[in-house]
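Novice: Enclosed is the structure file structure23.cif (mmCIF, C-alpha atoms).
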data_structure
#
loop_
_atom_site.group_PDB
_atom_site.id
_atom_site.type_symbol
_atom_site.label_atom_id
_atom_site.label_comp_id
_atom_site.auth_asym_id
_atom_site.auth_seq_id
_atom_site.Cartn_x
_atom_site.Cartn_y
_atom_site.Cartn_z
ATOM 1 C CA MET A 176 89.973 103.487 108.664
ATOM 2 C CA THR A 177 86.757 104.305 106.870
ATOM 3 C CA HIS A 178 84.203 101.943 105.391
ATOM 4 C CA TYR A 179 84.014 101.639 101.635
ATOM 5 C CA ARG A 180 81.369 104.009 100.300
ATOM 6 C CA HIS A 181 81.453 103.269 96.564
ATOM 7 C CA VAL A 182 82.562 99.982 94.994
ATOM 8 C CA LEU A 183 83.256 99.995 91.253
ATOM 9 C CA ALA A 184 83.572 96.765 89.254
ATOM 10 C CA ALA A 185 85.589 97.025 86.037
ATOM 11 C CA VAL A 186 84.010 94.412 83.764
ATOM 12 C CA ASP A 187 85.323 93.349 80.388
ATOM 13 C CA PHE A 188 82.703 90.707 79.450
ATOM 14 C CA SER A 189 85.347 87.985 79.647
ATOM 15 C CA GLU A 190 84.987 84.993 81.986
ATOM 16 C CA ALA A 191 86.032 87.409 84.767
ATOM 17 C CA THR A 192 82.783 89.371 84.534
ATOM 18 C CA ASP A 193 80.579 87.359 86.875
ATOM 19 C CA PRO A 194 83.209 86.808 89.614
ATOM 20 C CA VAL A 195 84.248 90.488 89.518
ATOM 21 C CA ALA A 196 80.740 91.952 89.416
ATOM 22 C CA GLY A 197 79.475 89.398 91.952
ATOM 23 C CA ARG A 198 82.254 90.184 94.407
ATOM 24 C CA ALA A 199 81.707 93.927 93.989
ATOM 25 C CA LEU A 200 77.975 93.475 94.628
ATOM 26 C CA ASP A 201 78.664 91.345 97.713
ATOM 27 C CA LEU A 202 81.117 93.903 99.129
ATOM 28 C CA ALA A 203 78.875 96.878 98.344
ATOM 29 C CA ARG A 204 76.044 95.220 100.266
ATOM 30 C CA ARG A 205 78.276 94.333 103.238
ATOM 31 C CA TYR A 206 79.473 97.958 103.399
ATOM 32 C CA GLU A 207 76.119 99.472 102.390
ATOM 33 C CA ALA A 208 78.089 101.228 99.664
ATOM 34 C CA GLU A 209 77.157 102.516 96.243
ATOM 35 C CA LEU A 210 77.864 100.154 93.362
ATOM 36 C CA THR A 211 78.920 100.797 89.776
ATOM 37 C CA PHE A 212 79.472 98.335 86.946
ATOM 38 C CA LEU A 213 81.826 99.969 84.421
ATOM 39 C CA HIS A 214 82.811 98.750 80.986
ATOM 40 C CA VAL A 215 85.438 100.596 78.969
ATOM 41 C CA LEU A 216 85.185 99.795 75.277
ATOM 42 C CA GLU A 217 88.549 99.905 73.637
ATOM 43 C CA TYR A 218 88.769 101.125 70.072
ATOM 44 C CA VAL A 219 90.791 98.671 68.012
ATOM 45 C CA PRO A 220 91.525 100.037 64.541
ATOM 46 C CA PRO A 221 91.010 97.568 61.699
ATOM 47 C CA LEU A 222 94.178 95.759 60.673
ATOM 48 C CA ASP A 223 95.779 97.238 57.596
ATOM 49 C CA LEU A 224 97.761 94.387 56.065
ATOM 50 C CA GLY A 225 98.633 96.160 52.828
ATOM 51 C CA TYR A 226 98.297 99.466 51.082
ATOM 52 C CA GLU A 227 94.537 99.177 50.851
ATOM 53 C CA PRO A 228 92.292 99.083 53.935
ATOM 54 C CA VAL A 229 91.206 95.496 54.630
ATOM 55 C CA VAL A 230 87.882 96.633 56.006
ATOM 56 C CA ALA A 231 85.882 99.102 53.961
ATOM 57 C CA PRO A 232 84.542 102.051 55.994
ATOM 58 C CA ASP A 233 80.910 101.055 55.568
ATOM 59 C CA TRP A 234 81.642 97.654 57.152
ATOM 60 C CA LEU A 235 82.749 99.247 60.422
ATOM 61 C CA PRO A 236 80.265 98.945 63.260
ATOM 62 C CA ASP A 237 78.692 102.142 64.430
ATOM 63 C CA GLU A 238 80.253 103.563 67.595
ATOM 64 C CA GLN A 239 76.904 104.460 69.125
ATOM 65 C CA GLU A 240 75.572 100.993 68.368
ATOM 66 C CA LEU A 241 78.534 99.382 70.095
ATOM 67 C CA LEU A 242 78.064 101.611 73.124
ATOM 68 C CA ALA A 243 74.359 100.769 73.248
ATOM 69 C CA ALA A 244 75.200 97.065 72.981
ATOM 70 C CA ALA A 245 77.665 97.361 75.890
ATOM 71 C CA ARG A 246 75.015 99.113 77.990
ATOM 72 C CA ALA A 247 72.549 96.350 77.174
ATOM 73 C CA ARG A 248 75.105 93.747 78.318
ATOM 74 C CA LEU A 249 75.631 95.671 81.585
ATOM 75 C CA GLU A 250 71.847 95.714 82.103
ATOM 76 C CA GLU A 251 71.681 91.995 81.421
ATOM 77 C CA LEU A 252 74.530 91.427 83.919
ATOM 78 C CA ALA A 253 72.870 93.510 86.633
ATOM 79 C CA GLY A 254 69.584 91.693 86.042
ATOM 80 C CA ARG A 255 71.229 88.275 86.196
ATOM 81 C CA LEU A 256 72.997 89.091 89.489
ATOM 82 C CA GLY A 257 69.949 90.803 90.980
ATOM 83 C CA ALA A 258 71.961 94.024 91.323
ATOM 84 C CA ARG A 259 69.173 96.532 90.785
ATOM 85 C CA GLU A 260 71.077 99.165 92.760
ATOM 86 C CA ALA A 261 74.068 99.153 90.395
ATOM 87 C CA HIS A 262 74.903 102.256 88.393
ATOM 88 C CA LEU A 263 75.764 101.105 84.860
ATOM 89 C CA ARG A 264 78.326 102.896 82.764
ATOM 90 C CA ALA A 265 79.857 102.107 79.378
ATOM 91 C CA GLU A 266 82.395 104.438 77.795
ATOM 92 C CA TRP A 267 84.836 104.458 74.931
ATOM 93 C CA GLY A 268 88.451 104.642 76.076
ATOM 94 C CA HIS A 269 91.584 102.772 77.031
ATOM 95 C CA PRO A 270 90.902 100.383 79.932
ATOM 96 C CA ARG A 271 94.462 100.738 81.296
ATOM 97 C CA SER A 272 94.009 104.432 82.018
ATOM 98 C CA ASP A 273 90.299 105.178 81.776
ATOM 99 C CA VAL A 274 89.106 102.668 84.382
ATOM 100 C CA VAL A 275 90.981 104.682 87.012
ATOM 101 C CA ARG A 276 89.888 108.052 85.603
ATOM 102 C CA LEU A 277 86.211 107.039 85.470
ATOM 103 C CA ALA A 278 86.419 105.437 88.940
ATOM 104 C CA GLU A 279 87.742 108.725 90.316
ATOM 105 C CA GLU A 280 85.010 110.670 88.549
ATOM 106 C CA ALA A 281 82.415 108.358 90.088
ATOM 107 C CA GLY A 282 83.959 108.805 93.543
ATOM 108 C CA ALA A 283 84.754 105.096 93.941
ATOM 109 C CA ASP A 284 87.011 104.144 96.852
ATOM 110 C CA LEU A 285 87.355 100.487 95.866
ATOM 111 C CA ILE A 286 87.948 99.165 92.346
ATOM 112 C CA VAL A 287 87.291 95.447 91.773
ATOM 113 C CA ILE A 288 89.018 93.969 88.724
ATOM 114 C CA GLY A 289 89.857 90.526 87.350
ATOM 115 C CA SER A 290 93.431 89.275 87.472
ATOM 116 C CA HIS A 291 94.791 86.441 85.380
ATOM 117 C CA GLY A 292 98.278 86.480 86.855
ATOM 118 C CA ARG A 293 101.349 86.989 84.775
ATOM 119 C CA ARG A 294 101.482 84.790 81.748
ATOM 120 C CA GLY A 295 101.909 85.151 78.020
ATOM 121 C CA LEU A 296 102.042 88.712 76.765
ATOM 122 C CA THR A 297 101.048 90.239 80.107
ATOM 123 C CA ARG A 298 104.328 88.902 81.528
ATOM 124 C CA LEU A 299 106.030 91.383 79.239
ATOM 125 C CA LEU A 300 103.505 94.181 78.866
ATOM 126 C CA GLY A 301 101.614 94.052 82.135
ATOM 127 C CA SER A 302 97.872 93.623 82.440
ATOM 128 C CA THR A 303 95.009 96.046 82.921
ATOM 129 C CA ALA A 304 94.949 94.950 86.583
ATOM 130 C CA ASP A 305 98.637 95.986 86.863
ATOM 131 C CA ALA A 306 97.975 99.363 85.320
ATOM 132 C CA VAL A 307 94.970 99.984 87.570
ATOM 133 C CA LEU A 308 96.907 98.889 90.661
ATOM 134 C CA HIS A 309 99.693 101.326 89.825
ATOM 135 C CA SER A 310 97.677 104.363 88.974
ATOM 136 C CA ALA A 311 94.607 104.103 91.234
ATOM 137 C CA ARG A 312 94.510 106.430 94.212
ATOM 138 C CA CYS A 313 92.044 104.114 95.961
ATOM 139 C CA ASP A 314 92.096 100.463 97.044
ATOM 140 C CA VAL A 315 92.082 97.779 94.344
ATOM 141 C CA LEU A 316 90.743 94.246 94.781
ATOM 142 C CA ALA A 317 92.165 91.862 92.192
ATOM 143 C CA VAL A 318 89.824 88.885 91.834
ATOM 144 C CA ARG A 319 91.766 85.864 90.725
ATOM 145 C CA ILE A 320 90.459 84.272 87.533
ATOM 146 C CA GLY A 321 91.617 80.816 86.418
ATOM 147 C CA MET B 88 80.979 82.933 94.337
ATOM 148 C CA THR B 89 82.036 81.877 97.808
ATOM 149 C CA HIS B 90 82.529 84.034 100.871
ATOM 150 C CA TYR B 91 86.064 84.665 102.032
ATOM 151 C CA ARG B 92 87.023 82.126 104.681
ATOM 152 C CA HIS B 93 90.524 83.245 105.628
ATOM 153 C CA VAL B 94 91.897 86.783 105.280
ATOM 154 C CA LEU B 95 95.653 87.243 105.573
ATOM 155 C CA ALA B 96 97.253 90.658 106.109
ATOM 156 C CA ALA B 97 100.866 90.992 104.964
ATOM 157 C CA VAL B 98 102.329 93.603 107.331
ATOM 158 C CA ASP B 99 105.762 95.160 107.015
ATOM 159 C CA PHE B 100 105.702 97.525 110.038
ATOM 160 C CA SER B 101 105.783 100.533 107.713
ATOM 161 C CA GLU B 102 103.070 103.200 107.750
ATOM 162 C CA ALA B 103 100.972 100.661 105.800
ATOM 163 C CA THR B 104 100.667 98.349 108.794
ATOM 164 C CA ASP B 105 97.611 99.793 110.518
ATOM 165 C CA PRO B 106 95.544 100.414 107.346
ATOM 166 C CA VAL B 107 96.364 96.930 106.016
ATOM 167 C CA ALA B 108 95.799 95.037 109.275
ATOM 168 C CA GLY B 109 92.728 97.137 110.096
ATOM 169 C CA ARG B 110 91.115 96.493 106.710
ATOM 170 C CA ALA B 111 91.876 92.754 106.972
ATOM 171 C CA LEU B 112 90.300 92.665 110.447
ATOM 172 C CA ASP B 113 87.225 94.547 109.207
ATOM 173 C CA LEU B 114 86.783 92.206 106.229
ATOM 174 C CA ALA B 115 87.374 89.065 108.304
ATOM 175 C CA ARG B 116 84.624 90.137 110.696
ATOM 176 C CA ARG B 117 82.193 91.005 107.888
ATOM 177 C CA TYR B 118 82.791 87.568 106.324
ATOM 178 C CA GLU B 119 83.150 85.733 109.666
ATOM 179 C CA ALA B 120 86.475 84.519 108.285
ATOM 180 C CA GLU B 121 89.716 83.466 109.927
ATOM 181 C CA LEU B 122 92.351 86.183 110.205
ATOM 182 C CA THR B 123 96.138 86.037 110.047
ATOM 183 C CA PHE B 124 98.695 88.821 110.488
ATOM 184 C CA LEU B 125 101.890 87.768 108.702
ATOM 185 C CA HIS B 126 105.272 89.447 108.754
ATOM 186 C CA VAL B 127 108.098 88.157 106.553
ATOM 187 C CA LEU B 128 111.487 89.270 107.819
ATOM 188 C CA GLU B 129 113.883 89.782 104.983
ATOM 189 C CA TYR B 130 117.530 88.969 105.569
ATOM 190 C CA VAL B 131 119.669 91.855 104.367
ATOM 191 C CA PRO B 132 123.371 90.965 104.410
ATOM 192 C CA PRO B 133 125.643 93.639 105.882
ATOM 193 C CA LEU B 134 127.104 95.969 103.281
ATOM 194 C CA ASP B 135 130.645 95.038 102.330
ATOM 195 C CA LEU B 136 132.166 98.280 101.077
ATOM 196 C CA GLY B 137 135.726 96.998 100.833
ATOM 197 C CA TYR B 138 137.767 93.886 101.237
ATOM 198 C CA GLU B 139 137.061 93.652 104.950
ATOM 199 C CA PRO B 140 133.565 93.125 106.335
ATOM 200 C CA VAL B 141 132.165 96.416 107.620
ATOM 201 C CA VAL B 142 130.240 94.696 110.381
ATOM 202 C CA ALA B 143 132.056 92.162 112.526
ATOM 203 C CA PRO B 144 130.149 88.877 112.950
ATOM 204 C CA ASP B 145 129.584 89.415 116.676
ATOM 205 C CA TRP B 146 127.796 92.705 115.963
ATOM 206 C CA LEU B 147 125.114 90.988 113.920
ATOM 207 C CA PRO B 148 121.751 90.709 115.644
ATOM 208 C CA ASP B 149 120.667 87.223 116.588
ATOM 209 C CA GLU B 150 118.164 85.710 114.138
ATOM 210 C CA GLN B 151 116.007 84.241 116.882
ATOM 211 C CA GLU B 152 115.970 87.566 118.719
ATOM 212 C CA LEU B 153 114.801 89.381 115.574
ATOM 213 C CA LEU B 154 112.070 86.797 115.036
ATOM 214 C CA ALA B 155 110.943 87.142 118.655
ATOM 215 C CA ALA B 156 110.929 90.940 118.277
ATOM 216 C CA ALA B 157 108.769 90.670 115.148
ATOM 217 C CA ARG B 158 106.327 88.396 116.973
ATOM 218 C CA ALA B 159 106.162 90.869 119.836
ATOM 219 C CA ARG B 160 105.346 93.652 117.351
ATOM 220 C CA LEU B 161 102.576 91.510 115.817
ATOM 221 C CA GLU B 162 101.168 90.918 119.310
ATOM 222 C CA GLU B 163 101.308 94.633 120.023
ATOM 223 C CA LEU B 164 99.513 95.315 116.694
ATOM 224 C CA ALA B 165 96.773 92.767 117.401
ATOM 225 C CA GLY B 166 96.324 94.197 120.898
ATOM 226 C CA ARG B 167 96.135 97.756 119.613
ATOM 227 C CA LEU B 168 93.491 96.858 116.990
ATOM 228 C CA GLY B 169 91.537 94.641 119.377
ATOM 229 C CA ALA B 170 92.109 91.693 117.016
ATOM 230 C CA ARG B 171 92.264 88.899 119.584
ATOM 231 C CA GLU B 172 91.169 86.360 117.003
ATOM 232 C CA ALA B 173 94.168 86.981 114.713
ATOM 233 C CA HIS B 174 96.688 84.236 114.117
ATOM 234 C CA LEU B 175 100.148 85.833 114.297
ATOM 235 C CA ARG B 176 103.012 84.596 112.172
ATOM 236 C CA ALA B 177 106.550 85.918 111.660
ATOM 237 C CA GLU B 178 108.966 84.085 109.381
ATOM 238 C CA TRP B 179 112.321 84.670 107.755
ATOM 239 C CA GLY B 180 112.132 84.845 103.985
ATOM 240 C CA HIS B 181 111.716 86.990 100.920
ATOM 241 C CA PRO B 182 108.449 88.971 101.062
ATOM 242 C CA ARG B 183 108.051 88.948 97.276
ATOM 243 C CA SER B 184 107.727 85.159 97.154
ATOM 244 C CA ASP B 185 107.143 83.979 100.703
ATOM 245 C CA VAL B 186 104.025 86.042 101.437
ATOM 246 C CA VAL B 187 102.214 84.024 98.767
ATOM 247 C CA ARG B 188 103.729 80.698 99.854
ATOM 248 C CA LEU B 189 102.845 81.250 103.515
ATOM 249 C CA ALA B 190 99.354 82.505 102.596
ATOM 250 C CA GLU B 191 98.772 79.308 100.626
ATOM 251 C CA GLU B 192 100.062 77.195 103.515
ATOM 252 C CA ALA B 193 97.660 78.998 105.851
ATOM 253 C CA GLY B 194 94.755 78.398 103.448
ATOM 254 C CA ALA B 195 94.098 82.118 102.947
ATOM 255 C CA ASP B 196 91.713 83.051 100.130
ATOM 256 C CA LEU B 197 92.283 86.804 100.407
ATOM 257 C CA ILE B 198 95.640 88.548 100.870
ATOM 258 C CA VAL B 199 95.560 92.195 102.006
ATOM 259 C CA ILE B 200 98.723 94.172 101.288
ATOM 260 C CA GLY B 201 99.825 97.805 101.165
ATOM 261 C CA SER B 202 100.414 99.482 97.830
ATOM 262 C CA HIS B 203 102.393 102.678 97.335
ATOM 263 C CA GLY B 204 101.809 102.926 93.614
ATOM 264 C CA ARG B 205 104.635 103.016 91.140
ATOM 265 C CA ARG B 206 107.312 105.502 92.003
ATOM 266 C CA GLY B 207 111.043 105.571 92.563
ATOM 267 C CA LEU B 208 112.743 102.199 92.381
ATOM 268 C CA THR B 209 109.483 100.223 92.292
ATOM 269 C CA ARG B 210 108.741 101.832 88.920
ATOM 270 C CA LEU B 211 111.677 99.833 87.623
ATOM 271 C CA LEU B 212 111.769 96.795 89.871
ATOM 272 C CA GLY B 213 108.136 96.353 90.848
ATOM 273 C CA SER B 214 106.852 96.260 94.403
ATOM 274 C CA THR B 215 106.012 93.459 96.793
ATOM 275 C CA ALA B 216 102.336 94.167 96.027
ATOM 276 C CA ASP B 217 103.085 93.610 92.306
ATOM 277 C CA ALA B 218 104.845 90.330 92.996
ATOM 278 C CA VAL B 219 102.037 89.116 95.257
ATOM 279 C CA LEU B 220 99.383 90.132 92.718
ATOM 280 C CA HIS B 221 101.170 88.183 90.001
ATOM 281 C CA SER B 222 101.899 84.998 91.870
ATOM 282 C CA ALA B 223 98.961 84.633 94.279
ATOM 283 C CA ARG B 224 96.368 82.033 93.371
ATOM 284 C CA CYS B 225 93.797 83.818 95.520
ATOM 285 C CA ASP B 226 92.286 87.322 95.557
ATOM 286 C CA VAL B 227 94.546 90.240 96.515
ATOM 287 C CA LEU B 228 93.349 93.514 98.036
ATOM 288 C CA ALA B 229 95.883 96.314 97.577
ATOM 289 C CA VAL B 230 95.285 98.975 100.218
ATOM 290 C CA ARG B 231 96.413 102.331 98.911
ATOM 291 C CA ILE B 232 98.974 104.039 101.140
ATOM 292 C CA GLY B 233 99.908 107.684 100.667
#
Once more with this new file: its structure as structure tokens, please.
Specialist:
Amino acid sequence: MTHYRHVLAAVDFSEATDPVAGRALDLARRYEAELTFLHVLEYVPPLDLGYEPVVAPDWLPDEQELLAAARARLEELAGRLGAREAHLRAEWGHPRSDVVRLAEEAGADLIVIGSHGRRGLTRLLGSTADAVLHSARCDVLAVRIG
Amino acid sequence: MTHYRHVLAAVDFSEATDPVAGRALDLARRYEAELTFLHVLEYVPPLDLGYEPVVAPDWLPDEQELLAAARARLEELAGRLGAREAHLRAEWGHPRSDVVRLAEEAGADLIVIGSHGRRGLTRLLGSTADAVLHSARCDVLAVRIG
């Protein structure tokens, strides 16, 4: 059995963010491992409730602005937790598949992610934690939230 | 965020046993936490392929003997890993539900379990790791096997 060398926290800026990032930081320090805070921004197309678009194109937020805002939130998180060593990464994508892809690219051997258990829609559709657990080729720590 | 106080490894005596128990031991030592190795023996009724029972009642292994054999295997595992501090527990039950119940009874705040990913029958039915992830009220570390 090897020690963990790179711990990646998948943060979604929900109430899971601090427990997930904090646990990843704690583990990375105990294993003297690299640390990454990753946020995958999911593109949600504007709802089209009729024949005409509800949201006019010039109302849509700029993709680069959103990415910059996510990076600023990751920097704020790292500052708040005192995690100066953390690599920060924000990318557009689908969290269910791209967390694992980006973790592999980063060389992570432990993914830390929040888990809300199976309730509501996730009972039927499965959660991001489920999807990561099933497709990751490395260990996955599900941090229980609520 | 609190430190883990009690790490429980759910071992099934498959090829996952050493990675799962070894990781739990490693984490318990890093957190100075209690450690439990748990094995849940699942009762599998003998296959009845016709009108007559295939296995005569006096061929069935004794339940107490099987439990004692499981405990002996846990002792052998703890000895092999040098995990003298581990509490050893073997119980009859259904792994999908009783791992979580017994972990709660033990006061575990981290369950370590093997995960084979989603393939074959587990793609349809879900794995023990899935069930534990969904029902545990504590953190779950899925150790990737194979």
Novice: Record the distance separating CA of Ile232 (chain B) and CA of Gly201 (chain B), expressed in Å with one decimal.
Specialist: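 Calculated distance between CA of Ile232 (chain B) and CA of Gly201 (chain B) is 6.3 Å.
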Novice: Using all atoms listed in the file, determine which residues lie at most 12 Å from Arg264 (chain A), disregarding the query and same-chain residues fewer than 4 positions distant; provide the list as a list in words.
Specialist: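 That gives Leu183, Ala184, Ala185, Val186, Leu210, Thr211, Phe212, Leu213, His214, Val215, Leu216, Leu242, Ala243, Ala244, Ala245, Arg246, Ala247, Arg248, Leu249, Glu250, Ala253, Val274, Leu277, Ala278, Glu280 and Ala281 of chain A.
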Novice: Using C-alpha atoms, can you export the residues from the last selection as a short mmCIF file (atom, residue, chain, number, x, y, z; two decimals), in the coordinates of the input?
Specialist:
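What follows is the written file part_23.cif:
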data_model
loop_
_atom_site.label_atom_id
_atom_site.label_comp_id
_atom_site.auth_asym_id
_atom_site.auth_seq_id
_atom_site.Cartn_x
_atom_site.Cartn_y
_atom_site.Cartn_z
CA LEU A 183 83.26 100.00 91.25
CA ALA A 184 83.57 96.76 89.25
CA ALA A 185 85.59 97.02 86.04
CA VAL A 186 84.01 94.41 83.76
CA LEU A 210 77.86 100.15 93.36
CA THR A 211 78.92 100.80 89.78
CA PHE A 212 79.47 98.34 86.95
CA LEU A 213 81.83 99.97 84.42
CA HIS A 214 82.81 98.75 80.99
CA VAL A 215 85.44 100.60 78.97
CA LEU A 216 85.18 99.80 75.28
CA LEU A 242 78.06 101.61 73.12
CA ALA A 243 74.36 100.77 73.25
CA ALA A 244 75.20 97.06 72.98
CA ALA A 245 77.67 97.36 75.89
CA ARG A 246 75.02 99.11 77.99
CA ALA A 247 72.55 96.35 77.17
CA ARG A 248 75.10 93.75 78.32
CA LEU A 249 75.63 95.67 81.58
CA GLU A 250 71.85 95.71 82.10
CA ALA A 253 72.87 93.51 86.63
CA VAL A 274 89.11 102.67 84.38
CA LEU A 277 86.21 107.04 85.47
CA ALA A 278 86.42 105.44 88.94
CA GLU A 280 85.01 110.67 88.55
CA ALA A 281 82.42 108.36 90.09
#
Novice: Rounded to one decimal in Å, what is the spacing between CA of Val287 (chain A) and CA of Asp314 (chain A)?
Specialist: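 Rounded to one decimal, the two atoms are 8.7 Å apart.
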Novice: As a ChimeraX atom specification, could you give me every residue of chain A near chain B (at most 9 Å apart, counting all atoms listed in the file)?
Specialist: /A:176-178,193-194,197-198,201,205-206,287,290-294,304-305,308-321
Novice: With C-alpha atoms kept, could you save the residues just selected as a short mmCIF file (atom, residue, chain, number, x, y, z; two decimals), in the coordinates of the input?
Specialist:
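Final file, part_27.cif:
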data_model
loop_
_atom_site.label_atom_id
_atom_site.label_comp_id
_atom_site.auth_asym_id
_atom_site.auth_seq_id
_atom_site.Cartn_x
_atom_site.Cartn_y
_atom_site.Cartn_z
CA MET A 176 89.97 103.49 108.66
CA THR A 177 86.76 104.30 106.87
CA HIS A 178 84.20 101.94 105.39
CA ASP A 193 80.58 87.36 86.88
CA PRO A 194 83.21 86.81 89.61
CA GLY A 197 79.47 89.40 91.95
CA ARG A 198 82.25 90.18 94.41
CA ASP A 201 78.66 91.34 97.71
CA ARG A 205 78.28 94.33 103.24
CA TYR A 206 79.47 97.96 103.40
CA VAL A 287 87.29 95.45 91.77
CA SER A 290 93.43 89.28 87.47
CA HIS A 291 94.79 86.44 85.38
CA GLY A 292 98.28 86.48 86.86
CA ARG A 293 101.35 86.99 84.78
CA ARG A 294 101.48 84.79 81.75
CA ALA A 304 94.95 94.95 86.58
CA ASP A 305 98.64 95.99 86.86
CA LEU A 308 96.91 98.89 90.66
CA HIS A 309 99.69 101.33 89.82
CA SER A 310 97.68 104.36 88.97
CA ALA A 311 94.61 104.10 91.23
CA ARG A 312 94.51 106.43 94.21
CA CYS A 313 92.04 104.11 95.96
CA ASP A 314 92.10 100.46 97.04
CA VAL A 315 92.08 97.78 94.34
CA LEU A 316 90.74 94.25 94.78
CA ALA A 317 92.16 91.86 92.19
CA VAL A 318 89.82 88.88 91.83
CA ARG A 319 91.77 85.86 90.72
CA ILE A 320 90.46 84.27 87.53
CA GLY A 321 91.62 80.82 86.42
#
Novice: If I take CA of Gly194 (chain B) and CA of Ala111 (chain B), how far is one from the other in Å, to one decimal?
Specialist: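 Atom-to-atom, CA of Gly194 (chain B) and CA of Ala111 (chain B) are spaced 15.1 Å apart.
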Novice: With only C-alpha atoms as the basis for distance, which of A:Glu260, A:Glu279, A:Glu240, A:Asp273 is at the shortest distance from Arg204 (chain A)?
Specialist: A:Glu260
Novice: Where atoms are missing, can you supply all heavy atoms for region 182-187 of chain A and output the lot as a PDB file, keeping the file's coordinate frame?
Specialist:
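rebuild08.pdb was written with the following content:
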ATOM      1  N   VAL A 182      81.803 101.090  95.583  1.00  0.00           N
ATOM      2  CA  VAL A 182      82.562  99.982  94.994  1.00  0.00           C
ATOM      3  C   VAL A 182      82.305  99.974  93.495  1.00  0.00           C
ATOM      4  O   VAL A 182      81.147  99.974  93.067  1.00  0.00           O
ATOM      5  CB  VAL A 182      82.129  98.634  95.610  1.00  0.00           C
ATOM      6  CG1 VAL A 182      82.922  97.486  95.007  1.00  0.00           C
ATOM      7  CG2 VAL A 182      82.276  98.664  97.137  1.00  0.00           C
ATOM      8  N   LEU A 183      83.385  99.994  92.717  1.00  0.00           N
ATOM      9  CA  LEU A 183      83.256  99.995  91.253  1.00  0.00           C
ATOM     10  C   LEU A 183      83.864  98.720  90.682  1.00  0.00           C
ATOM     11  O   LEU A 183      85.027  98.415  90.948  1.00  0.00           O
ATOM     12  CB  LEU A 183      83.945 101.226  90.658  1.00  0.00           C
ATOM     13  CG  LEU A 183      83.892 101.338  89.132  1.00  0.00           C
ATOM     14  CD1 LEU A 183      83.680 102.791  88.710  1.00  0.00           C
ATOM     15  CD2 LEU A 183      85.167 100.782  88.496  1.00  0.00           C
ATOM     16  N   ALA A 184      83.074  97.977  89.920  1.00  0.00           N
ATOM     17  CA  ALA A 184      83.572  96.765  89.254  1.00  0.00           C
ATOM     18  C   ALA A 184      83.923  97.108  87.819  1.00  0.00           C
ATOM     19  O   ALA A 184      83.082  97.636  87.087  1.00  0.00           O
ATOM     20  CB  ALA A 184      82.503  95.676  89.287  1.00  0.00           C
ATOM     21  N   ALA A 185      85.162  96.827  87.423  1.00  0.00           N
ATOM     22  CA  ALA A 185      85.589  97.025  86.037  1.00  0.00           C
ATOM     23  C   ALA A 185      85.365  95.706  85.302  1.00  0.00           C
ATOM     24  O   ALA A 185      86.069  94.733  85.548  1.00  0.00           O
ATOM     25  CB  ALA A 185      87.063  97.422  85.986  1.00  0.00           C
ATOM     26  N   VAL A 186      84.351  95.673  84.432  1.00  0.00           N
ATOM     27  CA  VAL A 186      84.010  94.412  83.764  1.00  0.00           C
ATOM     28  C   VAL A 186      84.354  94.481  82.281  1.00  0.00           C
ATOM     29  O   VAL A 186      84.216  95.523  81.642  1.00  0.00           O
ATOM     30  CB  VAL A 186      82.516  94.032  83.965  1.00  0.00           C
ATOM     31  CG1 VAL A 186      82.194  93.861  85.443  1.00  0.00           C
ATOM     32  CG2 VAL A 186      81.579  95.054  83.350  1.00  0.00           C
ATOM     33  N   ASP A 187      84.857  93.369  81.772  1.00  0.00           N
ATOM     34  CA  ASP A 187      85.323  93.349  80.388  1.00  0.00           C
ATOM     35  C   ASP A 187      84.563  92.315  79.543  1.00  0.00           C
ATOM     36  O   ASP A 187      84.940  92.061  78.409  1.00  0.00           O
ATOM     37  CB  ASP A 187      86.837  93.079  80.345  1.00  0.00           C
ATOM     38  CG  ASP A 187      87.217  91.746  80.983  1.00  0.00           C
ATOM     39  OD1 ASP A 187      86.303  91.022  81.443  1.00  0.00           O
ATOM     40  OD2 ASP A 187      88.416  91.426  81.027  1.00  0.00           O
TER      41      ASP A 187
END
